[in-house]
Amino acid sequence: MIVVAGEALIDLVPQGTGALAALRPALGGGPYNTAVALGRLGSPTAFCSRVSSDAFGEALLDRLRETGVDVSPVQRGTEPTTLAVASVGADGSAAYSFYVEGTADRLFAPPAALPPGTGAVSFGTCSLVLEPGASAYEELMRETSARGVFTALDPNIRPGLIPDPDAYRARFKSWLPSVSLLKLSAEDAEWLGGTPREWLASGPAAVVVTRGGEGLTAFTRDGGEYSVPGERVDVVDTIGAGDTVNAALLHGLAVRDALSEPALTALGADGWTGLLRFAARAAAVTCSRAGAEPPYAHELAG
């Protein structure tokens with residue numbers, strides 16, 4: 001069981017150009033997209049969050065259920081669902097502004113227990129920024145790691161949500177001793193101001209850096225460095241691409257029985273190259289269609 005902990009929200013995606021273009025609501029949130037992608041790939045998955053009881057919240061949970069994701073760890077609240085207004089650039093890249101005050105996911109509380117058979121927990125994005133929920137997710141991360149459970153982190157930086165960048169950077173560094181696998185984009189890495197080797201020295205067994213269409217690189221604690229190119233595709237937009245990579249990495253590690261820090265090191269060049277190619281292929285499928293629509297397992301077969 002892979003547990004994904006973090007926010008579920010509604011992306012409002014423009015259907016044309018200009019500030020007043022019509023907005024289409026789409027189910028989203030980095031952790032939410034990761035959970036959906038894992039479910040579509042066939043990994044036993046659970047979602048751990050706090051979701052509104054409004055109509056958007058019900059729609060969010062319905063999609064998880066349809067994808068086979070266990071929603072029993074989800075807490076509910078009467079507060080509204082968080083909204084993220086997307087803007088899509090000429091190259092398909094997405095940027096966001098957020099409406100987060102008084103929303104349900106900010107009031108997440110650490111669960112008494114995770115589902116039986118939990119082998120990994122994934123964290124990231126807005127849930128690790130917005131208080132008081134951020135401290136609750138941080139507590140869960142540290143407790144999970146202390147129990148020896150594989151812990152993944154995708155910070156997925158949203159600068160507009162971070163009022164004190166230096167404080168966040170310091171907090172990020174404090175998480176690293178509790179992280180087994182760190183996945184982040186080149187843009188995230190530049191914003192955070194560190195390097196993969198520096199981060200590896202603080203705790204993770206591996207760091208994976210995504211570079212959009214240029215591909216992915218994995219750095220391992222034993223000095224390994226493995227890269228693959230991106231897969232060529234006609235890009236509709238990049239919404240959910242990084243979340244798909246995150247899910248593909250976790251799924252690929254699970255099927256290789258490699259959800260442990262020693263196993264990450266033991267993958268070697270062939271193992272890492274195969275895993276990264278799988279993640280690049282999955283992200284390419286997501287980029288080829290509008291919104292966060294990660295692939296199903298059969299779309300990646302062969």
# chains A, B, ... in the order shown; residues from 1 in each chain; ligands from 1
>>> residues_around(residues="Leu176 in chain A", least_positions_apart="4", cutoff="12 Å", atoms="only C-alpha atoms", output="ChimeraX atom specification")
/A:138,141-142,145,151-155,169-172,180-183,196,198-207
>>> closest_atom_pairs(of="range 120-205 of chain A", to="range 39-62 of chain A", cutoff="12 Å", atoms="only C-alpha atoms", output="tab-separated table")
residue	atom	partner	partner_atom	distance
A:Ala120	CA	A:Thr45	CA	9.7
A:Val121	CA	A:Ala46	CA	9.4
A:Ser122	CA	A:Phe47	CA	9.7
A:Phe123	CA	A:Cys48	CA	9.9
A:Gly124	CA	A:Ser49	CA	11.8
A:Cys126	CA	A:Ser49	CA	11.9
A:Ser127	CA	A:Ser49	CA	9.0
A:Leu128	CA	A:Ser49	CA	12.0
A:Gly133	CA	A:Arg50	CA	9.3
A:Ala134	CA	A:Ser49	CA	11.4
A:Ala136	CA	A:Ser49	CA	10.6
A:Tyr137	CA	A:Ser49	CA	9.2
A:Leu140	CA	A:Cys48	CA	10.5
>>> select_by_dssp(residues="range 16-218 of chain A", states="strand (DSSP E or B)", output="VMD selection string")
chain A and resid 23 to 28 45 to 48 50 to 52 70 75 to 77 83 to 88 94 to 99 120 to 124 150 to 154 181 to 185 206 to 210 216 to 218
>>> residues_around(residues="Ala290 in chain A", least_positions_apart="4", cutoff="9 Å", atoms="only C-alpha atoms", output="VMD selection string")
chain A and resid 235 to 239 286
>>> residues_around(residues="Gly16 in chain A", least_positions_apart="5", cutoff="10 Å", atoms="only C-alpha atoms", output="list in words")
Ala21, Ala22, Leu23, Ser87 and Val88 of chain A
>>> write_last_selection(atoms="all heavy atoms", output="compact mmCIF listing (two decimals), in the first residue's frame")
# COMPACT_ATOMS: atom_id res chain seq x y z
N ALA A 21 -11.26 34.72 -19.76
CA ALA A 21 -11.61 33.48 -20.45
C ALA A 21 -12.43 32.59 -19.52
O ALA A 21 -12.27 32.61 -18.29
CB ALA A 21 -10.35 32.75 -20.88
N ALA A 22 -13.34 31.82 -20.10
CA ALA A 22 -14.14 30.89 -19.30
C ALA A 22 -13.24 29.89 -18.60
O ALA A 22 -12.21 29.46 -19.14
CB ALA A 22 -15.13 30.16 -20.20
N LEU A 23 -13.62 29.53 -17.38
CA LEU A 23 -12.83 28.61 -16.56
C LEU A 23 -13.56 27.28 -16.42
O LEU A 23 -14.74 27.25 -16.08
CB LEU A 23 -12.57 29.21 -15.17
CG LEU A 23 -11.78 30.52 -15.14
CD1 LEU A 23 -11.76 31.09 -13.72
CD2 LEU A 23 -10.35 30.30 -15.63
N SER A 87 -3.13 29.24 -15.28
CA SER A 87 -2.91 29.95 -16.54
C SER A 87 -1.91 29.12 -17.33
O SER A 87 -0.91 28.64 -16.78
CB SER A 87 -2.37 31.37 -16.29
OG SER A 87 -1.15 31.33 -15.58
N VAL A 88 -2.19 28.91 -18.59
CA VAL A 88 -1.37 28.04 -19.42
C VAL A 88 -0.62 28.88 -20.44
O VAL A 88 -1.23 29.64 -21.20
CB VAL A 88 -2.24 26.97 -20.13
CG1 VAL A 88 -1.38 26.08 -21.01
CG2 VAL A 88 -2.98 26.13 -19.10
>>> closest_atom_pairs(of="range 80-136 of chain A", to="range 159-166 of chain A", cutoff="9 Å", atoms="only C-alpha atoms", output="CSV")
residue,atom,partner,partner_atom,distance
A:Tyr96,CA,A:Gly160,CA,8.3
A:Ser97,CA,A:Gly160,CA,7.1
A:Phe98,CA,A:Leu161,CA,7.6
A:Cys126,CA,A:Leu161,CA,7.6
A:Val129,CA,A:Ile162,CA,6.7
A:Leu130,CA,A:Leu161,CA,7.8
>>> write_last_selection(atoms="all heavy atoms", output="PDB file, in the first residue's frame")
ATOM      1  N   TYR A  96      -0.131  29.018 -11.391  1.00  0.00           N
ATOM      2  CA  TYR A  96      -1.339  28.970 -10.578  1.00  0.00           C
ATOM      3  C   TYR A  96      -1.425  30.148  -9.618  1.00  0.00           C
ATOM      4  O   TYR A  96      -0.410  30.614  -9.099  1.00  0.00           O
ATOM      5  CB  TYR A  96      -1.369  27.675  -9.741  1.00  0.00           C
ATOM      6  CG  TYR A  96      -1.341  26.414 -10.544  1.00  0.00           C
ATOM      7  CD1 TYR A  96      -0.130  25.837 -10.916  1.00  0.00           C
ATOM      8  CD2 TYR A  96      -2.517  25.798 -10.955  1.00  0.00           C
ATOM      9  CE1 TYR A  96      -0.086  24.677 -11.661  1.00  0.00           C
ATOM     10  CE2 TYR A  96      -2.490  24.626 -11.692  1.00  0.00           C
ATOM     11  CZ  TYR A  96      -1.273  24.080 -12.051  1.00  0.00           C
ATOM     12  OH  TYR A  96      -1.246  22.925 -12.794  1.00  0.00           O
ATOM     13  N   SER A  97      -2.654  30.584  -9.362  1.00  0.00           N
ATOM     14  CA  SER A  97      -2.947  31.430  -8.209  1.00  0.00           C
ATOM     15  C   SER A  97      -3.991  30.686  -7.375  1.00  0.00           C
ATOM     16  O   SER A  97      -4.803  29.924  -7.925  1.00  0.00           O
ATOM     17  CB  SER A  97      -3.465  32.802  -8.651  1.00  0.00           C
ATOM     18  OG  SER A  97      -4.617  32.672  -9.468  1.00  0.00           O
ATOM     19  N   PHE A  98      -3.961  30.904  -6.057  1.00  0.00           N
ATOM     20  CA  PHE A  98      -4.724  30.039  -5.157  1.00  0.00           C
ATOM     21  C   PHE A  98      -5.700  30.833  -4.290  1.00  0.00           C
ATOM     22  O   PHE A  98      -5.416  31.966  -3.881  1.00  0.00           O
ATOM     23  CB  PHE A  98      -3.765  29.264  -4.234  1.00  0.00           C
ATOM     24  CG  PHE A  98      -2.901  28.275  -4.960  1.00  0.00           C
ATOM     25  CD1 PHE A  98      -1.683  28.658  -5.501  1.00  0.00           C
ATOM     26  CD2 PHE A  98      -3.297  26.960  -5.104  1.00  0.00           C
ATOM     27  CE1 PHE A  98      -0.875  27.749  -6.166  1.00  0.00           C
ATOM     28  CE2 PHE A  98      -2.506  26.042  -5.765  1.00  0.00           C
ATOM     29  CZ  PHE A  98      -1.291  26.443  -6.305  1.00  0.00           C
ATOM     30  N   CYS A 126       1.178  22.071  -1.692  1.00  0.00           N
ATOM     31  CA  CYS A 126       0.598  23.094  -0.817  1.00  0.00           C
ATOM     32  C   CYS A 126       0.430  22.612   0.618  1.00  0.00           C
ATOM     33  O   CYS A 126       0.471  23.405   1.565  1.00  0.00           O
ATOM     34  CB  CYS A 126      -0.760  23.551  -1.342  1.00  0.00           C
ATOM     35  SG  CYS A 126      -0.792  24.013  -3.071  1.00  0.00           S
ATOM     36  N   VAL A 129       2.870  23.752   3.116  1.00  0.00           N
ATOM     37  CA  VAL A 129       3.056  25.202   3.211  1.00  0.00           C
ATOM     38  C   VAL A 129       2.015  25.834   4.116  1.00  0.00           C
ATOM     39  O   VAL A 129       2.325  26.674   4.971  1.00  0.00           O
ATOM     40  CB  VAL A 129       3.000  25.846   1.811  1.00  0.00           C
ATOM     41  CG1 VAL A 129       3.071  27.367   1.920  1.00  0.00           C
ATOM     42  CG2 VAL A 129       4.108  25.320   0.918  1.00  0.00           C
ATOM     43  N   LEU A 130       0.761  25.449   3.939  1.00  0.00           N
ATOM     44  CA  LEU A 130      -0.364  26.138   4.573  1.00  0.00           C
ATOM     45  C   LEU A 130      -0.645  25.601   5.974  1.00  0.00           C
ATOM     46  O   LEU A 130      -0.969  24.433   6.150  1.00  0.00           O
ATOM     47  CB  LEU A 130      -1.611  25.999   3.698  1.00  0.00           C
ATOM     48  CG  LEU A 130      -1.472  26.578   2.281  1.00  0.00           C
ATOM     49  CD1 LEU A 130      -2.656  26.178   1.428  1.00  0.00           C
ATOM     50  CD2 LEU A 130      -1.328  28.091   2.336  1.00  0.00           C
TER      51      LEU A 130
END
>>> closest_residue(among="A:Glu139, A:Glu187, A:Glu231, A:Glu101", to="Ile157 in chain A", atoms="only C-alpha atoms")
A:Glu187
>>> residues_around(residues="range 247-253 of chain A", least_positions_apart="6", cutoff="7 Å", atoms="only C-alpha atoms", output="VMD selection string")
chain A and resid 34 37 to 38 43 259 275 278 to 279 282
>>> closest_residue(among="A:Ala186, A:Val149, A:Ala86, A:Ala167", to="Gly215 in chain A", atoms="only C-alpha atoms")
A:Ala186
>>> atom_distance(atom1="CA of Gly18 in chain A", atom2="CA of Ala84 in chain A")
16.9 Å
>>> decode(residues="range 52-87 of chain A", atoms="N, CA and C atoms", output="short mmCIF file (atom, residue, chain, number, x, y, z; two decimals), in the first residue's frame")
data_model
loop_
_atom_site.label_atom_id
_atom_site.label_comp_id
_atom_site.auth_asym_id
_atom_site.auth_seq_id
_atom_site.Cartn_x
_atom_site.Cartn_y
_atom_site.Cartn_z
N SER A 52 -13.40 18.70 1.75
CA SER A 52 -14.68 19.35 2.03
C SER A 52 -15.85 18.42 1.74
N SER A 53 -16.93 18.65 2.46
CA SER A 53 -18.18 17.93 2.19
C SER A 53 -19.03 18.64 1.14
N ASP A 54 -18.49 19.70 0.50
CA ASP A 54 -19.23 20.39 -0.55
C ASP A 54 -19.23 19.54 -1.83
N ALA A 55 -19.87 20.06 -2.89
CA ALA A 55 -20.01 19.29 -4.13
C ALA A 55 -18.65 19.00 -4.77
N PHE A 56 -17.73 19.95 -4.69
CA PHE A 56 -16.39 19.71 -5.22
C PHE A 56 -15.72 18.57 -4.46
N GLY A 57 -15.83 18.57 -3.14
CA GLY A 57 -15.24 17.52 -2.34
C GLY A 57 -15.79 16.14 -2.69
N GLU A 58 -17.09 16.07 -2.89
CA GLU A 58 -17.69 14.80 -3.27
C GLU A 58 -17.16 14.33 -4.63
N ALA A 59 -17.00 15.26 -5.57
CA ALA A 59 -16.47 14.89 -6.88
C ALA A 59 -15.03 14.40 -6.78
N LEU A 60 -14.24 15.05 -5.93
CA LEU A 60 -12.86 14.62 -5.72
C LEU A 60 -12.80 13.19 -5.21
N LEU A 61 -13.62 12.88 -4.22
CA LEU A 61 -13.60 11.53 -3.66
C LEU A 61 -14.17 10.50 -4.64
N ASP A 62 -15.17 10.90 -5.42
CA ASP A 62 -15.74 9.96 -6.40
C ASP A 62 -14.68 9.49 -7.39
N ARG A 63 -13.85 10.41 -7.85
CA ARG A 63 -12.82 10.00 -8.81
C ARG A 63 -11.80 9.06 -8.17
N LEU A 64 -11.44 9.32 -6.94
CA LEU A 64 -10.52 8.41 -6.26
C LEU A 64 -11.12 7.02 -6.15
N ARG A 65 -12.37 6.95 -5.75
CA ARG A 65 -13.02 5.65 -5.64
C ARG A 65 -13.07 4.94 -6.99
N GLU A 66 -13.40 5.68 -8.04
CA GLU A 66 -13.48 5.09 -9.38
C GLU A 66 -12.12 4.55 -9.83
N THR A 67 -11.04 5.15 -9.32
CA THR A 67 -9.70 4.74 -9.68
C THR A 67 -9.18 3.61 -8.79
N GLY A 68 -9.97 3.24 -7.80
CA GLY A 68 -9.57 2.16 -6.91
C GLY A 68 -8.75 2.60 -5.72
N VAL A 69 -8.71 3.90 -5.45
CA VAL A 69 -7.94 4.42 -4.32
C VAL A 69 -8.78 4.32 -3.04
N ASP A 70 -8.16 3.85 -1.97
CA ASP A 70 -8.81 3.75 -0.67
C ASP A 70 -8.94 5.15 -0.07
N VAL A 71 -10.16 5.58 0.21
CA VAL A 71 -10.37 6.92 0.77
C VAL A 71 -10.74 6.86 2.26
N SER A 72 -10.59 5.70 2.88
CA SER A 72 -10.96 5.60 4.29
C SER A 72 -10.13 6.50 5.21
N PRO A 73 -8.86 6.85 4.87
CA PRO A 73 -8.12 7.77 5.74
C PRO A 73 -8.53 9.23 5.59
N VAL A 74 -9.41 9.55 4.65
CA VAL A 74 -9.76 10.95 4.39
C VAL A 74 -10.65 11.50 5.50
N GLN A 75 -10.26 12.66 6.02
CA GLN A 75 -11.07 13.40 6.98
C GLN A 75 -12.00 14.34 6.20
N ARG A 76 -13.14 14.67 6.75
CA ARG A 76 -14.10 15.54 6.07
C ARG A 76 -14.34 16.81 6.90
N GLY A 77 -14.73 17.88 6.22
CA GLY A 77 -15.04 19.15 6.89
C GLY A 77 -16.05 19.94 6.09
N THR A 78 -16.76 20.83 6.75
CA THR A 78 -17.78 21.64 6.07
C THR A 78 -17.19 22.87 5.38
N GLU A 79 -15.93 23.18 5.62
CA GLU A 79 -15.29 24.32 4.97
C GLU A 79 -15.22 24.08 3.46
N PRO A 80 -15.08 25.15 2.66
CA PRO A 80 -15.05 24.99 1.20
C PRO A 80 -13.77 24.31 0.70
N THR A 81 -13.83 23.87 -0.54
CA THR A 81 -12.68 23.28 -1.21
C THR A 81 -11.73 24.36 -1.71
N THR A 82 -10.44 24.14 -1.60
CA THR A 82 -9.44 25.05 -2.14
C THR A 82 -9.58 25.15 -3.66
N LEU A 83 -9.39 26.37 -4.20
CA LEU A 83 -9.44 26.60 -5.64
C LEU A 83 -8.06 27.08 -6.12
N ALA A 84 -7.63 26.55 -7.26
CA ALA A 84 -6.39 26.98 -7.90
C ALA A 84 -6.72 27.42 -9.31
N VAL A 85 -6.47 28.68 -9.63
CA VAL A 85 -6.75 29.20 -10.97
C VAL A 85 -5.48 29.06 -11.81
N ALA A 86 -5.59 28.24 -12.85
CA ALA A 86 -4.43 27.96 -13.70
C ALA A 86 -4.36 28.96 -14.85
N SER A 87 -3.13 29.24 -15.28
CA SER A 87 -2.91 29.95 -16.54
C SER A 87 -1.91 29.12 -17.33
#
